[in-house]
Amino acid sequence: MLVQMKNLVKRYGDNLAVDNVDLGIAEGEIFGLLGPNGAGKTTIINMLLGLTKVDGGKITIFGKRVNGNREDVSRNIGIVPQDLAIYEDLTAAENVSFFGRLYGLKGKLLHERVVEALAFTGLSDKSKAYPKKFSGGMKRRLNIACALMHKPQLIIMDEPTVGIDPQSRNHILSSVQELHEQGSTIIYTSHYMEEVEELCSRIAIMDQGRIIAQGSKDELKELVSSEDRIVVELAGINYTVVDEVKRIGGVKDCILTDTTLTILVAKNNSIIGRIVDAITNAGADVVNLSAEKPTLESVFLTLTGKTLRD
């Protein structure tokens, strides 16, 4: 594991912000850290960076304890914070150059890295422009360019696409995929579940300072998947159809909304044929039928009682 957290604890007075978290992040993976607001994600990120004191447990990154080795560890970490960390009175190139110098880059290598970072984020033609004239999406991309100047082994991206235009969002998601293909390890937080579905190989869900579930997307779905959902579009409606379907063994619930029938059935219960027969016998006509499996969003809602954007 590139990152290892063991029995990690952080208290603010009587508030246990991080409650005995055990978490490992493997080299080369995109790891999603999800949770509603106040779950403890930002506190964990700040402890990873050595910005917040650890009250209990330990964090190891690159095989070194963060406490006592902050400078050595942080030299190989790139952070893309939720709050923009750029200077609007410097040009795009000057911003990137400034952060490169903070990591000891200079001369020809510094110049090459500035050109490379701006090209990677699609801002080559804006190198001499000032960020105060940029769109929100362009500022986010410049934020990423600054974080990548020193070619870090570990990249932490905290809500990198919040409040931006679709074009910049797509560019950032493609950039994350490319960084992954280049071998970077990425910790990714987002309030957009579709981004996590697309990018992350493993995911941890936090709530009230604790890790309540972790694993691959499929493993998380298995945790709460006790039923399948069958959606049937009807032409002719006969209100006895609900009663007919509910009589079928394995059907947990049946709800009619306008011309749509939503049926919850026991997981992997092969009763679609009997459902169609029951609908037909009730005098209704099936226009379309689809079976839906649990989504990551439904898993999150089940585990936390909230949606990701709450």
# chains A, B, ... in the order shown; residues from 1 in each chain; ligands from 1
call {"tool": "select_by_dssp", "arguments": {"residues": "segment 61-128 of chain A", "states": "helix (DSSP H, G or I)", "output": "PDB file with N, CA and C atoms, in the first residue's frame"}}
result
ATOM      1  N   ARG A  70       7.238  15.088   7.580  1.00  0.00           N
ATOM      2  CA  ARG A  70       6.292  15.821   6.748  1.00  0.00           C
ATOM      3  C   ARG A  70       6.935  16.359   5.470  1.00  0.00           C
ATOM      4  N   GLU A  71       8.121  16.948   5.580  1.00  0.00           N
ATOM      5  CA  GLU A  71       8.753  17.563   4.413  1.00  0.00           C
ATOM      6  C   GLU A  71       9.090  16.519   3.354  1.00  0.00           C
ATOM      7  N   ASP A  72       9.672  15.389   3.769  1.00  0.00           N
ATOM      8  CA  ASP A  72      10.017  14.331   2.817  1.00  0.00           C
ATOM      9  C   ASP A  72       8.780  13.761   2.139  1.00  0.00           C
ATOM     10  N   VAL A  73       7.713  13.575   2.928  1.00  0.00           N
ATOM     11  CA  VAL A  73       6.483  12.978   2.386  1.00  0.00           C
ATOM     12  C   VAL A  73       5.781  13.952   1.448  1.00  0.00           C
ATOM     13  N   SER A  74       5.618  15.202   1.882  1.00  0.00           N
ATOM     14  CA  SER A  74       4.843  16.166   1.088  1.00  0.00           C
ATOM     15  C   SER A  74       5.528  16.523  -0.222  1.00  0.00           C
ATOM     16  N   ALA A  92      -0.937  32.730 -16.022  1.00  0.00           N
ATOM     17  CA  ALA A  92      -1.043  31.274 -15.847  1.00  0.00           C
ATOM     18  C   ALA A  92       0.341  30.646 -15.725  1.00  0.00           C
ATOM     19  N   ALA A  93       1.257  31.054 -16.616  1.00  0.00           N
ATOM     20  CA  ALA A  93       2.616  30.502 -16.581  1.00  0.00           C
ATOM     21  C   ALA A  93       3.336  30.891 -15.299  1.00  0.00           C
ATOM     22  N   GLU A  94       3.142  32.122 -14.833  1.00  0.00           N
ATOM     23  CA  GLU A  94       3.781  32.559 -13.600  1.00  0.00           C
ATOM     24  C   GLU A  94       3.251  31.796 -12.389  1.00  0.00           C
ATOM     25  N   ASN A  95       1.948  31.498 -12.397  1.00  0.00           N
ATOM     26  CA  ASN A  95       1.373  30.693 -11.320  1.00  0.00           C
ATOM     27  C   ASN A  95       2.022  29.315 -11.252  1.00  0.00           C
ATOM     28  N   VAL A  96       2.092  28.663 -12.395  1.00  0.00           N
ATOM     29  CA  VAL A  96       2.657  27.316 -12.437  1.00  0.00           C
ATOM     30  C   VAL A  96       4.134  27.350 -12.061  1.00  0.00           C
ATOM     31  N   SER A  97       4.836  28.353 -12.550  1.00  0.00           N
ATOM     32  CA  SER A  97       6.257  28.500 -12.240  1.00  0.00           C
ATOM     33  C   SER A  97       6.482  28.719 -10.745  1.00  0.00           C
ATOM     34  N   PHE A  98       5.621  29.520 -10.138  1.00  0.00           N
ATOM     35  CA  PHE A  98       5.733  29.796  -8.707  1.00  0.00           C
ATOM     36  C   PHE A  98       5.663  28.502  -7.893  1.00  0.00           C
ATOM     37  N   PHE A  99       4.681  27.644  -8.212  1.00  0.00           N
ATOM     38  CA  PHE A  99       4.540  26.399  -7.463  1.00  0.00           C
ATOM     39  C   PHE A  99       5.688  25.436  -7.775  1.00  0.00           C
ATOM     40  N   GLY A 100       6.213  25.506  -8.997  1.00  0.00           N
ATOM     41  CA  GLY A 100       7.373  24.689  -9.314  1.00  0.00           C
ATOM     42  C   GLY A 100       8.579  25.066  -8.472  1.00  0.00           C
ATOM     43  N   ARG A 101       8.771  26.374  -8.277  1.00  0.00           N
ATOM     44  CA  ARG A 101       9.904  26.839  -7.463  1.00  0.00           C
ATOM     45  C   ARG A 101       9.763  26.400  -6.009  1.00  0.00           C
ATOM     46  N   LEU A 102       8.517  26.331  -5.524  1.00  0.00           N
ATOM     47  CA  LEU A 102       8.313  25.874  -4.150  1.00  0.00           C
ATOM     48  C   LEU A 102       8.836  24.458  -3.953  1.00  0.00           C
ATOM     49  N   GLY A 107      15.582  26.882 -13.559  1.00  0.00           N
ATOM     50  CA  GLY A 107      16.262  26.834 -14.845  1.00  0.00           C
ATOM     51  C   GLY A 107      15.469  26.168 -15.949  1.00  0.00           C
ATOM     52  N   LYS A 108      16.169  25.416 -16.784  1.00  0.00           N
ATOM     53  CA  LYS A 108      15.584  24.771 -17.948  1.00  0.00           C
ATOM     54  C   LYS A 108      14.501  23.776 -17.553  1.00  0.00           C
ATOM     55  N   LEU A 109      14.741  23.010 -16.483  1.00  0.00           N
ATOM     56  CA  LEU A 109      13.757  22.019 -16.047  1.00  0.00           C
ATOM     57  C   LEU A 109      12.460  22.705 -15.624  1.00  0.00           C
ATOM     58  N   LEU A 110      12.560  23.821 -14.922  1.00  0.00           N
ATOM     59  CA  LEU A 110      11.373  24.560 -14.508  1.00  0.00           C
ATOM     60  C   LEU A 110      10.583  25.009 -15.729  1.00  0.00           C
ATOM     61  N   HIS A 111      11.265  25.570 -16.708  1.00  0.00           N
ATOM     62  CA  HIS A 111      10.592  26.042 -17.929  1.00  0.00           C
ATOM     63  C   HIS A 111       9.899  24.877 -18.643  1.00  0.00           C
ATOM     64  N   GLU A 112      10.595  23.753 -18.757  1.00  0.00           N
ATOM     65  CA  GLU A 112      10.018  22.590 -19.442  1.00  0.00           C
ATOM     66  C   GLU A 112       8.768  22.091 -18.726  1.00  0.00           C
ATOM     67  N   ARG A 113       8.819  22.084 -17.400  1.00  0.00           N
ATOM     68  CA  ARG A 113       7.665  21.593 -16.634  1.00  0.00           C
ATOM     69  C   ARG A 113       6.474  22.547 -16.753  1.00  0.00           C
ATOM     70  N   VAL A 114       6.738  23.853 -16.809  1.00  0.00           N
ATOM     71  CA  VAL A 114       5.645  24.824 -16.986  1.00  0.00           C
ATOM     72  C   VAL A 114       4.944  24.578 -18.313  1.00  0.00           C
ATOM     73  N   VAL A 115       5.732  24.441 -19.370  1.00  0.00           N
ATOM     74  CA  VAL A 115       5.162  24.191 -20.704  1.00  0.00           C
ATOM     75  C   VAL A 115       4.364  22.892 -20.700  1.00  0.00           C
ATOM     76  N   GLU A 116       4.928  21.866 -20.071  1.00  0.00           N
ATOM     77  CA  GLU A 116       4.290  20.556 -20.042  1.00  0.00           C
ATOM     78  C   GLU A 116       2.982  20.576 -19.246  1.00  0.00           C
ATOM     79  N   ALA A 117       2.978  21.234 -18.080  1.00  0.00           N
ATOM     80  CA  ALA A 117       1.781  21.274 -17.227  1.00  0.00           C
ATOM     81  C   ALA A 117       0.651  22.044 -17.892  1.00  0.00           C
ATOM     82  N   LEU A 118       0.985  23.154 -18.539  1.00  0.00           N
ATOM     83  CA  LEU A 118      -0.052  23.940 -19.225  1.00  0.00           C
ATOM     84  C   LEU A 118      -0.612  23.175 -20.421  1.00  0.00           C
ATOM     85  N   ALA A 119       0.245  22.456 -21.130  1.00  0.00           N
ATOM     86  CA  ALA A 119      -0.216  21.655 -22.266  1.00  0.00           C
ATOM     87  C   ALA A 119      -1.134  20.527 -21.781  1.00  0.00           C
ATOM     88  N   PHE A 120      -0.748  19.886 -20.690  1.00  0.00           N
ATOM     89  CA  PHE A 120      -1.526  18.763 -20.165  1.00  0.00           C
ATOM     90  C   PHE A 120      -2.935  19.201 -19.772  1.00  0.00           C
ATOM     91  N   SER A 124      -2.186  25.886 -22.876  1.00  0.00           N
ATOM     92  CA  SER A 124      -0.979  26.413 -23.531  1.00  0.00           C
ATOM     93  C   SER A 124      -1.201  27.793 -24.135  1.00  0.00           C
ATOM     94  N   ASP A 125      -2.366  28.003 -24.720  1.00  0.00           N
ATOM     95  CA  ASP A 125      -2.637  29.287 -25.374  1.00  0.00           C
ATOM     96  C   ASP A 125      -3.004  30.382 -24.379  1.00  0.00           C
ATOM     97  N   LYS A 126      -3.080  30.035 -23.093  1.00  0.00           N
ATOM     98  CA  LYS A 126      -3.422  31.015 -22.054  1.00  0.00           C
ATOM     99  C   LYS A 126      -2.243  31.295 -21.121  1.00  0.00           C
TER     100      LYS A 126
END
call {"tool": "residues_around", "arguments": {"residues": "segment 205-211 of chain A", "least_positions_apart": "3", "cutoff": "12 Å", "atoms": "only C-alpha atoms", "output": "ChimeraX atom specification"}}
result
/A:5-12,15-24,31-44,189-190,193,196,202,214-217,220,296-297,299-308
call {"tool": "residues_around", "arguments": {"residues": "Asn76 of chain A", "least_positions_apart": "2", "cutoff": "10 Å", "atoms": "only C-alpha atoms", "output": "ChimeraX atom specification"}}
result
/A:61-62,71-74,78,103,150-155
call {"tool": "write_last_selection", "arguments": {"atoms": "all heavy atoms", "output": "CSV table (one decimal), in the first residue's frame"}}
result
chain,number,residue,atom,x,y,z
A,61,ILE,N,3.0,7.0,4.5
A,61,ILE,CA,2.9,7.3,3.1
A,61,ILE,C,4.3,7.0,2.5
A,61,ILE,O,5.3,7.5,3.1
A,61,ILE,CB,2.5,8.7,2.7
A,61,ILE,CG1,1.1,9.0,3.4
A,61,ILE,CG2,2.3,8.9,1.2
A,61,ILE,CD1,0.6,10.4,3.2
A,62,PHE,N,4.4,6.3,1.4
A,62,PHE,CA,5.7,6.0,0.8
A,62,PHE,C,6.6,5.2,1.8
A,62,PHE,O,7.8,5.3,1.8
A,62,PHE,CB,6.5,7.2,0.3
A,62,PHE,CG,5.7,8.2,-0.5
A,62,PHE,CD1,5.6,9.5,-0.1
A,62,PHE,CD2,4.9,7.8,-1.6
A,62,PHE,CE1,4.8,10.4,-0.8
A,62,PHE,CE2,4.2,8.7,-2.3
A,62,PHE,CZ,4.1,10.0,-1.9
A,71,GLU,N,8.1,16.9,5.6
A,71,GLU,CA,8.8,17.6,4.4
A,71,GLU,C,9.1,16.5,3.4
A,71,GLU,O,8.8,16.7,2.2
A,71,GLU,CB,10.0,18.3,4.8
A,71,GLU,CG,10.6,19.1,3.7
A,71,GLU,CD,11.8,20.0,4.2
A,71,GLU,OE1,11.8,20.3,5.4
A,71,GLU,OE2,12.6,20.4,3.3
A,72,ASP,N,9.7,15.4,3.8
A,72,ASP,CA,10.0,14.3,2.8
A,72,ASP,C,8.8,13.8,2.1
A,72,ASP,O,8.8,13.5,0.9
A,72,ASP,CB,10.8,13.2,3.5
A,72,ASP,CG,12.2,13.6,3.9
A,72,ASP,OD1,12.7,14.6,3.3
A,72,ASP,OD2,12.8,12.9,4.7
A,73,VAL,N,7.7,13.6,2.9
A,73,VAL,CA,6.5,13.0,2.4
A,73,VAL,C,5.8,14.0,1.4
A,73,VAL,O,5.4,13.6,0.3
A,73,VAL,CB,5.6,12.6,3.5
A,73,VAL,CG1,4.2,12.2,3.0
A,73,VAL,CG2,6.1,11.4,4.3
A,74,SER,N,5.6,15.2,1.9
A,74,SER,CA,4.8,16.2,1.1
A,74,SER,C,5.5,16.5,-0.2
A,74,SER,O,4.9,17.0,-1.2
A,74,SER,CB,4.6,17.4,1.9
A,74,SER,OG,5.8,18.1,2.3
A,78,GLY,N,0.9,15.8,-4.6
A,78,GLY,CA,0.3,17.0,-5.3
A,78,GLY,C,-1.1,17.1,-4.8
A,78,GLY,O,-1.8,16.2,-4.7
A,103,TYR,N,8.9,23.7,-5.0
A,103,TYR,CA,9.3,22.3,-5.0
A,103,TYR,C,10.8,22.2,-5.5
A,103,TYR,O,11.3,21.1,-5.7
A,103,TYR,CB,8.4,21.4,-5.8
A,103,TYR,CG,7.1,21.1,-5.1
A,103,TYR,CD1,6.0,21.8,-5.4
A,103,TYR,CD2,7.0,20.1,-4.1
A,103,TYR,CE1,4.8,21.6,-4.7
A,103,TYR,CE2,5.8,19.9,-3.4
A,103,TYR,CZ,4.7,20.6,-3.8
A,103,TYR,OH,3.5,20.4,-3.1
A,150,HIS,N,5.7,19.1,-10.0
A,150,HIS,CA,6.8,18.4,-9.5
A,150,HIS,C,6.7,16.9,-9.7
A,150,HIS,O,7.4,16.1,-9.1
A,150,HIS,CB,7.0,18.7,-8.0
A,150,HIS,CG,5.8,18.4,-7.1
A,150,HIS,ND1,4.6,19.0,-7.4
A,150,HIS,CD2,5.6,17.5,-6.1
A,150,HIS,CE1,3.7,18.5,-6.5
A,150,HIS,NE2,4.3,17.7,-5.7
A,151,LYS,N,5.7,16.5,-10.6
A,151,LYS,CA,5.4,15.1,-10.9
A,151,LYS,C,5.3,14.2,-9.7
A,151,LYS,O,6.1,13.3,-9.4
A,151,LYS,CB,6.5,14.5,-11.8
A,151,LYS,CG,6.6,15.2,-13.2
A,151,LYS,CD,7.5,14.5,-14.1
A,151,LYS,CE,7.5,15.1,-15.5
A,151,LYS,NZ,6.2,15.0,-16.2
A,152,PRO,N,4.3,14.5,-8.8
A,152,PRO,CA,4.1,13.8,-7.6
A,152,PRO,C,3.7,12.3,-7.8
A,152,PRO,O,3.0,12.0,-8.7
A,152,PRO,CB,3.0,14.6,-6.9
A,152,PRO,CG,2.2,15.2,-8.0
A,152,PRO,CD,3.2,15.5,-9.0
A,153,GLN,N,4.1,11.5,-6.8
A,153,GLN,CA,3.7,10.1,-6.9
A,153,GLN,C,2.2,9.9,-6.5
A,153,GLN,O,1.5,9.1,-7.0
A,153,GLN,CB,4.5,9.2,-5.9
A,153,GLN,CG,6.0,9.1,-6.3
A,153,GLN,CD,6.7,8.3,-5.3
A,153,GLN,OE1,7.5,8.9,-4.5
A,153,GLN,NE2,6.6,7.0,-5.2
A,154,LEU,N,1.8,10.8,-5.5
A,154,LEU,CA,0.5,10.7,-5.0
A,154,LEU,C,-0.2,12.1,-5.2
A,154,LEU,O,0.3,13.1,-4.9
A,154,LEU,CB,0.5,10.5,-3.5
A,154,LEU,CG,-0.9,10.5,-2.7
A,154,LEU,CD1,-1.8,9.4,-3.2
A,154,LEU,CD2,-0.7,10.4,-1.2
A,155,ILE,N,-1.4,12.0,-5.8
A,155,ILE,CA,-2.2,13.2,-6.1
A,155,ILE,C,-3.5,13.2,-5.4
A,155,ILE,O,-4.2,12.2,-5.5
A,155,ILE,CB,-2.4,13.4,-7.6
A,155,ILE,CG1,-1.1,13.3,-8.4
A,155,ILE,CG2,-3.2,14.7,-7.9
A,155,ILE,CD1,-1.3,13.1,-9.9
call {"tool": "closest_residue", "arguments": {"among": "A:Ala85, A:Ala235, A:Leu256, A:Ile203", "to": "Gly283 of chain A", "atoms": "only C-alpha atoms"}}
result
A:Ala235
call {"tool": "decode", "arguments": {"residues": "segment 101-120 of chain A", "atoms": "C-alpha atoms", "output": "PDB file, in the first residue's frame"}}
result
ATOM      1  CA  ARG A 101       9.904  26.839  -7.463  1.00  0.00           C
ATOM      2  CA  LEU A 102       8.313  25.874  -4.150  1.00  0.00           C
ATOM      3  CA  TYR A 103       9.344  22.301  -4.965  1.00  0.00           C
ATOM      4  CA  GLY A 104      12.906  23.297  -5.867  1.00  0.00           C
ATOM      5  CA  LEU A 105      12.573  23.383  -9.665  1.00  0.00           C
ATOM      6  CA  LYS A 106      14.628  25.971 -11.542  1.00  0.00           C
ATOM      7  CA  GLY A 107      16.262  26.834 -14.845  1.00  0.00           C
ATOM      8  CA  LYS A 108      15.584  24.771 -17.948  1.00  0.00           C
ATOM      9  CA  LEU A 109      13.757  22.019 -16.047  1.00  0.00           C
ATOM     10  CA  LEU A 110      11.373  24.560 -14.508  1.00  0.00           C
ATOM     11  CA  HIS A 111      10.592  26.042 -17.929  1.00  0.00           C
ATOM     12  CA  GLU A 112      10.018  22.590 -19.442  1.00  0.00           C
ATOM     13  CA  ARG A 113       7.665  21.593 -16.634  1.00  0.00           C
ATOM     14  CA  VAL A 114       5.645  24.824 -16.986  1.00  0.00           C
ATOM     15  CA  VAL A 115       5.162  24.191 -20.704  1.00  0.00           C
ATOM     16  CA  GLU A 116       4.290  20.556 -20.042  1.00  0.00           C
ATOM     17  CA  ALA A 117       1.781  21.274 -17.227  1.00  0.00           C
ATOM     18  CA  LEU A 118      -0.052  23.940 -19.225  1.00  0.00           C
ATOM     19  CA  ALA A 119      -0.216  21.655 -22.266  1.00  0.00           C
ATOM     20  CA  PHE A 120      -1.526  18.763 -20.165  1.00  0.00           C
TER      21      PHE A 120
END
